[in-house]
>>> print(open('work-v2.cif').read())   # mmCIF, C-alpha atoms and all ligand atoms
data_my_file
#
loop_
_atom_site.label_atom_id
_atom_site.label_comp_id
_atom_site.auth_asym_id
_atom_site.auth_seq_id
_atom_site.Cartn_x
_atom_site.Cartn_y
_atom_site.Cartn_z
CA MET A 1 -43.89 119.95 52.15
CA THR A 2 -43.19 117.76 49.13
CA TYR A 3 -42.41 114.23 50.23
CA ARG A 4 -39.42 112.41 48.70
CA HIS A 5 -39.03 109.47 51.04
CA ILE A 6 -42.59 108.69 52.07
CA THR A 7 -45.85 108.33 50.20
CA SER A 8 -49.13 109.25 51.74
CA LEU A 9 -52.46 108.29 50.28
CA ARG A 10 -55.95 109.14 51.54
CA ASP A 11 -58.33 106.23 51.06
CA GLY A 12 -61.73 107.35 52.40
CA TYR A 13 -61.12 107.95 56.09
CA VAL A 14 -57.97 105.82 56.08
CA GLU A 15 -54.58 107.55 55.78
CA ARG A 16 -52.01 105.21 54.24
CA LEU A 17 -48.38 106.11 54.90
CA THR A 18 -45.51 104.21 53.29
CA LEU A 19 -41.79 104.60 53.99
CA ASN A 20 -40.33 104.73 50.53
CA ARG A 21 -36.56 104.21 50.45
CA PRO A 22 -36.63 100.50 49.59
CA GLU A 23 -33.09 100.59 48.16
CA VAL A 24 -31.77 101.14 51.70
CA ARG A 25 -34.55 99.14 53.39
CA ASN A 26 -36.36 102.35 54.39
CA ALA A 27 -33.53 103.48 56.64
CA LEU A 28 -34.30 106.70 58.51
CA ASN A 29 -32.24 109.71 57.41
CA ASP A 30 -32.82 113.35 58.37
CA GLU A 31 -35.11 114.03 55.42
CA LEU A 32 -37.29 110.98 56.02
CA ILE A 33 -37.49 111.87 59.72
CA ALA A 34 -38.64 115.42 58.89
CA GLU A 35 -41.22 114.11 56.42
CA LEU A 36 -42.65 111.68 58.99
CA GLU A 37 -43.01 114.45 61.56
CA HIS A 38 -44.67 116.69 58.98
CA TRP A 39 -47.08 113.91 57.99
CA ALA A 40 -48.01 113.20 61.62
CA ASN A 41 -48.70 116.87 62.32
CA ARG A 42 -50.84 117.15 59.20
CA VAL A 43 -52.90 114.09 60.11
CA ARG A 44 -53.26 115.34 63.70
CA GLY A 45 -55.18 118.38 62.44
CA ASP A 46 -57.46 116.43 60.08
CA ARG A 47 -60.71 115.38 61.76
CA ALA A 48 -61.76 113.37 58.70
CA VAL A 49 -59.05 110.74 59.29
CA ARG A 50 -60.20 107.82 61.44
CA VAL A 51 -57.24 105.45 61.17
CA ALA A 52 -53.73 105.41 59.67
CA VAL A 53 -51.64 102.53 58.36
CA LEU A 54 -47.83 102.64 58.42
CA ALA A 55 -46.04 100.34 55.98
CA GLY A 56 -42.63 100.09 54.33
CA ALA A 57 -42.05 99.72 50.58
CA GLY A 58 -40.03 96.76 49.31
CA SER A 59 -38.67 93.79 51.21
CA CYS A 60 -38.32 95.38 54.67
CA PHE A 61 -40.48 97.52 56.92
CA CYS A 62 -37.54 99.62 58.19
CA ALA A 63 -33.83 98.96 58.79
CA GLY A 64 -33.62 101.69 61.45
CA ALA A 65 -31.32 104.68 61.38
CA ASP A 66 -29.55 105.33 58.10
CA LEU A 67 -26.07 104.15 59.04
CA ALA A 68 -24.38 106.01 56.18
CA TRP A 69 -25.95 109.25 57.46
CA MET A 70 -25.03 108.39 61.06
CA ALA A 71 -21.42 107.69 60.13
CA LYS A 72 -21.18 111.21 58.68
CA THR A 73 -22.27 112.76 61.97
CA VAL A 74 -18.71 112.36 63.25
CA THR A 75 -17.99 115.63 61.45
CA TYR A 76 -20.94 117.40 63.12
CA THR A 77 -20.69 119.47 66.26
CA GLN A 78 -22.21 118.18 69.50
CA ASP A 79 -24.98 120.77 69.07
CA GLN A 80 -25.76 119.52 65.57
CA ASN A 81 -25.89 115.92 66.79
CA ILE A 82 -28.19 116.93 69.63
CA ALA A 83 -30.44 118.80 67.18
CA ASP A 84 -30.67 115.64 65.03
CA ALA A 85 -31.54 113.52 68.07
CA GLU A 86 -34.20 116.06 69.07
CA ALA A 87 -35.69 115.92 65.58
CA LEU A 88 -35.86 112.14 65.89
CA THR A 89 -37.55 112.46 69.28
CA ARG A 90 -40.10 114.91 67.84
CA MET A 91 -40.86 112.51 64.99
CA PHE A 92 -41.39 109.49 67.29
CA GLY A 93 -43.40 111.67 69.67
CA ALA A 94 -45.61 112.97 66.85
CA LEU A 95 -46.37 109.43 65.67
CA ASP A 96 -46.83 108.14 69.22
CA SER A 97 -49.36 110.86 70.02
CA LEU A 98 -51.28 110.68 66.77
CA PRO A 99 -54.94 111.09 67.83
CA VAL A 100 -56.17 108.23 65.64
CA PRO A 101 -55.09 104.57 65.72
CA LEU A 102 -51.87 103.88 63.86
CA ILE A 103 -51.62 100.34 62.50
CA GLY A 104 -48.16 99.01 61.60
CA ARG A 105 -47.62 96.49 58.80
CA VAL A 106 -44.25 94.78 59.24
CA GLN A 107 -42.53 92.61 56.63
CA GLY A 108 -38.88 91.57 56.39
CA ALA A 109 -37.17 93.46 59.18
CA ALA A 110 -37.83 96.13 61.78
CA LEU A 111 -34.47 96.90 63.35
CA GLY A 112 -33.34 99.70 65.66
CA GLY A 113 -35.55 102.68 64.85
CA GLY A 114 -37.67 100.31 62.74
CA SER A 115 -38.62 98.48 65.94
CA GLY A 116 -39.06 101.97 67.41
CA LEU A 117 -41.65 102.69 64.73
CA ALA A 118 -43.43 99.45 65.61
CA ALA A 119 -43.46 100.61 69.25
CA VAL A 120 -45.28 103.85 68.44
CA CYS A 121 -47.98 102.04 66.45
CA ASP A 122 -51.13 101.19 68.39
CA ILE A 123 -51.57 97.89 66.62
CA VAL A 124 -48.86 95.98 64.77
CA VAL A 125 -49.25 93.04 62.44
CA ALA A 126 -46.13 91.23 61.21
CA GLU A 127 -45.46 88.46 58.76
CA GLN A 128 -44.07 85.28 60.32
CA PRO A 129 -40.52 85.60 58.87
CA ALA A 130 -40.10 89.22 60.03
CA VAL A 131 -37.16 89.92 62.33
CA PHE A 132 -36.95 92.57 65.02
CA GLY A 133 -34.07 93.85 67.10
CA PHE A 134 -32.58 96.65 69.10
CA THR A 135 -29.25 96.00 67.44
CA GLU A 136 -27.59 99.29 68.36
CA VAL A 137 -24.95 97.87 70.74
CA LYS A 138 -23.68 95.69 67.90
CA LEU A 139 -22.81 98.97 66.18
CA GLY A 140 -21.26 100.50 69.28
CA ILE A 141 -24.23 102.82 69.86
CA ILE A 142 -27.38 102.65 72.01
CA PRO A 143 -31.16 102.82 71.39
CA ALA A 144 -31.40 106.11 73.26
CA VAL A 145 -34.10 108.16 71.52
CA ILE A 146 -36.43 105.21 71.01
CA SER A 147 -35.98 103.89 74.55
CA PRO A 148 -38.94 105.72 76.18
CA PHE A 149 -41.29 104.43 73.50
CA ILE A 150 -39.88 100.90 73.67
CA LEU A 151 -39.93 100.74 77.46
CA ALA A 152 -43.54 101.93 77.51
CA LYS A 153 -44.38 99.03 75.23
CA ILE A 154 -42.27 96.07 76.38
CA GLY A 155 -41.17 97.00 79.92
CA ARG A 156 -37.78 96.82 81.58
CA SER A 157 -37.33 93.08 81.70
CA ALA A 158 -37.60 92.51 77.95
CA ALA A 159 -35.58 95.69 77.30
CA ARG A 160 -32.76 94.43 79.52
CA GLU A 161 -32.46 91.25 77.50
CA LEU A 162 -32.83 92.87 74.10
CA PHE A 163 -30.97 96.19 74.51
CA LEU A 164 -27.99 94.51 76.19
CA THR A 165 -27.58 91.66 73.73
CA GLY A 166 -28.65 93.53 70.59
CA MET A 167 -29.92 90.16 69.40
CA ARG A 168 -32.37 89.86 66.54
CA PHE A 169 -35.62 88.15 67.46
CA SER A 170 -38.57 86.60 65.70
CA ALA A 171 -42.04 88.01 65.14
CA ALA A 172 -43.31 85.35 67.55
CA HIS A 173 -41.00 86.71 70.27
CA ALA A 174 -42.01 90.29 69.42
CA ARG A 175 -45.59 89.22 70.07
CA GLU A 176 -44.68 87.51 73.35
CA ILE A 177 -43.22 90.78 74.66
CA ALA A 178 -46.18 92.78 73.33
CA LEU A 179 -44.14 94.83 70.87
CA ILE A 180 -46.57 93.61 68.22
CA HIS A 181 -50.02 92.09 68.29
CA ARG A 182 -50.50 89.57 65.48
CA VAL A 183 -48.21 87.31 63.48
CA VAL A 184 -49.56 85.95 60.21
CA PRO A 185 -48.27 84.11 57.14
CA SER A 186 -46.76 86.53 54.61
CA ASP A 187 -49.65 86.16 52.19
CA ALA A 188 -52.15 87.04 54.92
CA LEU A 189 -50.44 90.28 56.00
CA ASP A 190 -52.60 92.73 54.05
CA ASP A 191 -55.85 90.99 55.01
CA ALA A 192 -54.86 91.07 58.68
CA VAL A 193 -54.07 94.79 58.48
CA GLU A 194 -57.34 95.51 56.68
CA SER A 195 -59.33 93.52 59.22
CA TYR A 196 -57.95 95.82 61.96
CA VAL A 197 -58.78 98.88 59.81
CA ALA A 198 -62.34 97.58 59.41
CA GLU A 199 -62.64 96.77 63.13
CA VAL A 200 -61.42 100.18 64.25
CA THR A 201 -63.79 101.98 61.90
CA THR A 202 -66.88 100.24 63.31
CA GLY A 203 -66.33 102.18 66.54
CA GLY A 204 -67.57 105.71 67.08
CA PRO A 205 -64.94 108.00 65.52
CA GLU A 206 -64.82 110.30 68.53
CA ALA A 207 -64.95 107.37 70.94
CA VAL A 208 -61.95 105.75 69.28
CA ARG A 209 -59.97 108.99 69.58
CA ALA A 210 -61.11 109.37 73.20
CA ALA A 211 -60.13 105.76 73.97
CA LYS A 212 -56.65 106.41 72.60
CA SER A 213 -56.19 109.55 74.63
CA LEU A 214 -57.58 107.77 77.72
CA ILE A 215 -54.74 105.23 77.58
CA ARG A 216 -52.14 107.99 77.56
CA GLU A 217 -53.82 110.10 80.24
CA VAL A 218 -54.37 107.19 82.64
CA SER A 219 -50.80 105.96 82.12
CA GLU A 220 -49.28 109.38 82.69
CA SER A 221 -51.47 110.78 85.49
CA PRO A 222 -50.66 110.72 89.19
CA ALA A 223 -52.57 107.93 90.98
CA ASP A 224 -54.73 110.33 92.98
CA GLN A 225 -56.06 111.97 89.81
CA ILE A 226 -56.99 108.84 87.89
CA ALA A 227 -60.44 108.21 89.37
CA GLY A 228 -61.53 111.78 88.65
CA LEU A 229 -60.13 111.61 85.16
CA THR A 230 -61.85 108.33 84.25
CA ALA A 231 -65.19 109.41 85.80
CA GLY A 232 -65.08 112.66 83.83
CA ALA A 233 -64.16 110.84 80.63
CA ILE A 234 -67.04 108.35 80.73
CA ALA A 235 -69.53 110.99 81.89
CA THR A 236 -68.62 113.16 78.90
CA ARG A 237 -68.83 110.28 76.44
CA CYS A 238 -72.22 109.01 77.71
CA VAL A 239 -73.99 112.29 77.06
CA SER A 240 -72.16 113.08 73.82
CA PRO A 241 -74.20 112.80 70.59
CA GLU A 242 -72.03 109.88 69.56
CA GLY A 243 -72.36 108.10 72.89
CA GLN A 244 -76.13 108.59 72.81
CA GLU A 245 -76.32 107.30 69.22
CA GLY A 246 -74.26 104.20 70.07
CA LEU A 247 -76.29 103.35 73.16
CA ARG A 248 -79.66 103.95 71.44
CA ALA A 249 -78.62 101.95 68.37
CA PHE A 250 -77.86 98.96 70.59
CA LEU A 251 -81.22 99.19 72.36
CA GLU A 252 -83.05 99.66 69.04
CA LYS A 253 -81.17 96.68 67.53
CA ARG A 254 -79.69 98.67 64.64
CA LYS A 255 -76.25 99.76 63.51
CA PRO A 256 -75.15 103.13 64.86
CA ALA A 257 -75.05 105.96 62.33
CA TRP A 258 -71.79 107.71 63.13
CA SER A 259 -71.54 111.18 61.73
N1 LIG A 301 -28.73 102.26 56.92
C1 LIG A 301 -28.26 102.51 55.70
N2 LIG A 301 -28.28 101.61 54.70
C2 LIG A 301 -28.81 100.41 54.97
C3 LIG A 301 -29.34 100.08 56.22
C4 LIG A 301 -29.30 101.07 57.24
N3 LIG A 301 -29.80 100.87 58.47
N4 LIG A 301 -29.79 98.82 56.19
C5 LIG A 301 -29.57 98.38 54.94
N5 LIG A 301 -28.96 99.34 54.20
C6 LIG A 301 -28.53 99.26 52.81
C7 LIG A 301 -27.32 98.33 52.65
O1 LIG A 301 -26.11 98.99 52.92
C8 LIG A 301 -27.47 97.93 51.19
O2 LIG A 301 -26.95 98.95 50.38
P1 LIG A 301 -26.13 98.56 49.01
O3 LIG A 301 -27.19 97.96 48.12
O4 LIG A 301 -25.63 99.88 48.54
O5 LIG A 301 -25.09 97.59 49.41
C9 LIG A 301 -28.99 97.92 50.98
O6 LIG A 301 -29.55 98.70 52.03
C10 LIG A 301 -29.58 96.53 51.07
O7 LIG A 301 -29.11 95.94 52.27
P2 LIG A 301 -28.89 94.37 52.41
O8 LIG A 301 -28.24 94.11 53.72
O9 LIG A 301 -28.22 93.85 51.20
O10 LIG A 301 -30.42 93.90 52.37
P3 LIG A 301 -31.09 92.58 52.97
O11 LIG A 301 -32.48 92.62 52.47
O12 LIG A 301 -30.26 91.38 52.71
O13 LIG A 301 -31.11 92.81 54.56
C11 LIG A 301 -31.50 94.07 56.59
C12 LIG A 301 -31.92 93.82 55.11
C13 LIG A 301 -32.34 95.23 57.05
C14 LIG A 301 -31.81 92.82 57.42
C15 LIG A 301 -29.99 94.39 56.64
O14 LIG A 301 -29.70 95.37 55.65
C16 LIG A 301 -29.52 94.92 57.96
O15 LIG A 301 -29.32 94.15 58.88
N6 LIG A 301 -29.32 96.24 58.04
C17 LIG A 301 -28.79 96.87 59.26
C18 LIG A 301 -29.91 97.17 60.19
C19 LIG A 301 -29.44 97.71 61.51
O16 LIG A 301 -28.49 97.26 62.12
N7 LIG A 301 -30.19 98.72 61.96
C20 LIG A 301 -29.95 99.35 63.24
C21 LIG A 301 -29.68 100.77 63.03
S1 LIG A 301 -29.36 101.57 64.60
#
>>> encode(input="work-v2.cif", output="structure tokens")
Amino acid sequence: MTYRHITSLRDGYVERLTLNRPEVRNALNDELIAELEHWANRVRGDRAVRVAVLAGAGSCFCAGADLAWMAKTVTYTQDQNIADAEALTRMFGALDSLPVPLIGRVQGAALGGGSGLAAVCDIVVAEQPAVFGFTEVKLGIIPAVISPFILAKIGRSAARELFLTGMRFSAAHAREIALIHRVVPSDALDDAVESYVAEVTTGGPEAVRAAKSLIREVSESPADQIAGLTAGAIATRCVSPEGQEGLRAFLEKRKPAWS
């Protein structure tokens, strides 16, 4: 697929993805949504990637759904509108389940689906002036497709306040509700993102992937299966070549040599 609305750049083992519709504040239309899903599925199959960074070109991270595109959907059939919503779900799901850490870099605004994108990042850094919001009710709509991803991140209490009011909120508040993880001055945003990239890549590449999948499996498994799952997971990692290298490197007081 040729990308029109995103750019993707491979930088060593870092995959750098940028939403690139700055003239409409990176609003999500059907083409951008399809490109994001395609990108996520490509990265999923690439074992050389160890971490991905999601950013937005221009003054804003993402203004959410493209409202001009949404307004047009009044002429679509119910089936067409459902197909669009399903495509949006697939895109958020593909990003959410990316096997490597996804680090979000938020400047300006992350509204509606833009806050949804923040929710499917594993780690999010925002500049202090950034604003967030689930503003859908202000437009007479609701944050339906993004709701499972948001609820998994911020829980029901924060969602009740923010979905029902549609109010915009600060980066500091986004951090309080655990939608994001660090708030930094604007001129420190790139350094903060890169420090997370560097931190993540000091870990064993397979261990980092396994840690990410552990979070999902433990969260989604029935209670009576969790002990077996976690015992199996650590037992597998301990005897893996990477686990053995990491443990031996510590005992031999050297840096591990990850393959
Ligand atoms: N969909 C489509 N176009 C959008 C958009 C969106 N979600 N958000 C912004 N744009 C467009 C504007 O219509 C404007 O187009 P124009 O230049 O043709 O007039 C352009 O992007 C710039 O928007 P503007 O509001 O002037 O930029 P800003 O930098 O002052 O503010 C935002 C940026 C994101 C804070 C503001 O545009 C905004 O609040 N957008 C709506 C976000 C929203 O409610 N999203 C929820 C969707 S469910």
>>> closest_atom_pairs(input="work-v2.cif", of="chain A", to="ligand LIG 301 (chain A)", cutoff="9 Å", atoms="only C-alpha atoms and all ligand atoms", output="Markdown table")
| residue | atom | partner | partner_atom | distance |
| --- | --- | --- | --- | --- |
| A:Pro22 | CA | A:LIG301 | O6 | 7.7 |
| A:Glu23 | CA | A:LIG301 | O6 | 5.6 |
| A:Val24 | CA | A:LIG301 | O6 | 3.3 |
| A:Arg25 | CA | A:LIG301 | O6 | 5.2 |
| A:Asn26 | CA | A:LIG301 | C3 | 7.6 |
| A:Ala27 | CA | A:LIG301 | C4 | 4.9 |
| A:Leu28 | CA | A:LIG301 | N1 | 7.3 |
| A:Asn29 | CA | A:LIG301 | N1 | 8.3 |
| A:Ser59 | CA | A:LIG301 | O11 | 6.4 |
| A:Cys60 | CA | A:LIG301 | C13 | 6.4 |
| A:Phe61 | CA | A:LIG301 | C13 | 8.5 |
| A:Cys62 | CA | A:LIG301 | C13 | 6.9 |
| A:Ala63 | CA | A:LIG301 | C13 | 4.4 |
| A:Gly64 | CA | A:LIG301 | C21 | 4.3 |
| A:Ala65 | CA | A:LIG301 | C21 | 4.5 |
| A:Asp66 | CA | A:LIG301 | N1 | 3.4 |
| A:Leu67 | CA | A:LIG301 | N1 | 3.9 |
| A:Ala68 | CA | A:LIG301 | C1 | 5.2 |
| A:Trp69 | CA | A:LIG301 | C1 | 7.3 |
| A:Met70 | CA | A:LIG301 | N1 | 8.3 |
| A:Gly108 | CA | A:LIG301 | C14 | 7.3 |
| A:Ala109 | CA | A:LIG301 | C13 | 5.6 |
| A:Ala110 | CA | A:LIG301 | C13 | 7.3 |
| A:Leu111 | CA | A:LIG301 | N7 | 4.9 |
| A:Gly112 | CA | A:LIG301 | C20 | 4.2 |
| A:Gly113 | CA | A:LIG301 | S1 | 6.3 |
| A:Gly114 | CA | A:LIG301 | N7 | 7.7 |
| A:Val131 | CA | A:LIG301 | C14 | 7.8 |
| A:Gly133 | CA | A:LIG301 | C20 | 7.9 |
| A:Phe134 | CA | A:LIG301 | C20 | 7.0 |
| A:Thr135 | CA | A:LIG301 | C20 | 5.4 |
| A:Glu136 | CA | A:LIG301 | S1 | 4.7 |
| A:Val137 | CA | A:LIG301 | S1 | 8.4 |
| A:Lys138 | CA | A:LIG301 | O16 | 7.7 |
| A:Leu139 | CA | A:LIG301 | O16 | 7.2 |
| A:Ile141 | CA | A:LIG301 | S1 | 7.5 |
| A:Ile142 | CA | A:LIG301 | S1 | 7.7 |
| A:Pro143 | CA | A:LIG301 | S1 | 7.1 |
>>> atom_distance(input="work-v2.cif", atom1="atom CA of A:Val125", atom2="atom CA of A:Val106")
6.2 Å
>>> axis_aligned_box(input="work-v2.cif", around="stretch 198-213 of chain A", padding_each_side="6 Å", output="AutoDock Vina command-line options")
--center_x -61.9 --center_y 103.5 --center_z 67.0 --size_x 23.4 --size_y 25.5 --size_z 27.2
>>> residues_near_point(input="work-v2.cif", point="(-61.9, 113.8, 68.9)", cutoff="9 Å", atoms="only C-alpha atoms", output="CSV table (one decimal) with C-alpha atoms, keeping the file's coordinate frame")
chain,number,residue,atom,x,y,z
A,47,ARG,CA,-60.7,115.4,61.8
A,99,PRO,CA,-54.9,111.1,67.8
A,100,VAL,CA,-56.2,108.2,65.6
A,205,PRO,CA,-64.9,108.0,65.5
A,206,GLU,CA,-64.8,110.3,68.5
A,207,ALA,CA,-65.0,107.4,70.9
A,208,VAL,CA,-62.0,105.8,69.3
A,209,ARG,CA,-60.0,109.0,69.6
A,210,ALA,CA,-61.1,109.4,73.2
>>> closest_residue(input="work-v2.cif", among="A:Arg237, A:Arg105, A:Arg50, A:Arg44", to="A:Val14", atoms="all atoms listed in the file")
A:Arg50
>>> closest_residue(input="work-v2.cif", among="A:His38, A:Arg4, A:Lys72, A:Arg21", to="A:Ala87", atoms="only C-alpha atoms")
A:His38
>>> atom_distance(input="work-v2.cif", atom1="atom CA of A:Phe163", atom2="atom CA of A:Leu179")
13.7 Å
>>> closest_residue(input="work-v2.cif", among="A:Gly56, A:Pro129, A:Pro148, A:Gly155", to="A:Gly104", atoms="all atoms listed in the file")
A:Gly56
>>> residues_around(input="work-v2.cif", residues="A:Thr202", least_positions_apart="5", cutoff="10 Å", atoms="all atoms listed in the file", output="NGL selection string")
:A and (197 or 208 or 255-256 or 258)
>>> closest_residue(input="work-v2.cif", among="A:His5, A:Lys153, A:Arg216, A:Arg90", to="A:Glu31", atoms="all atoms listed in the file")
A:His5
>>> closest_residue(input="work-v2.cif", among="A:Glu194, A:Asp187, A:Glu161, A:Asp224", to="A:Ile123", atoms="all atoms listed in the file")
A:Glu194
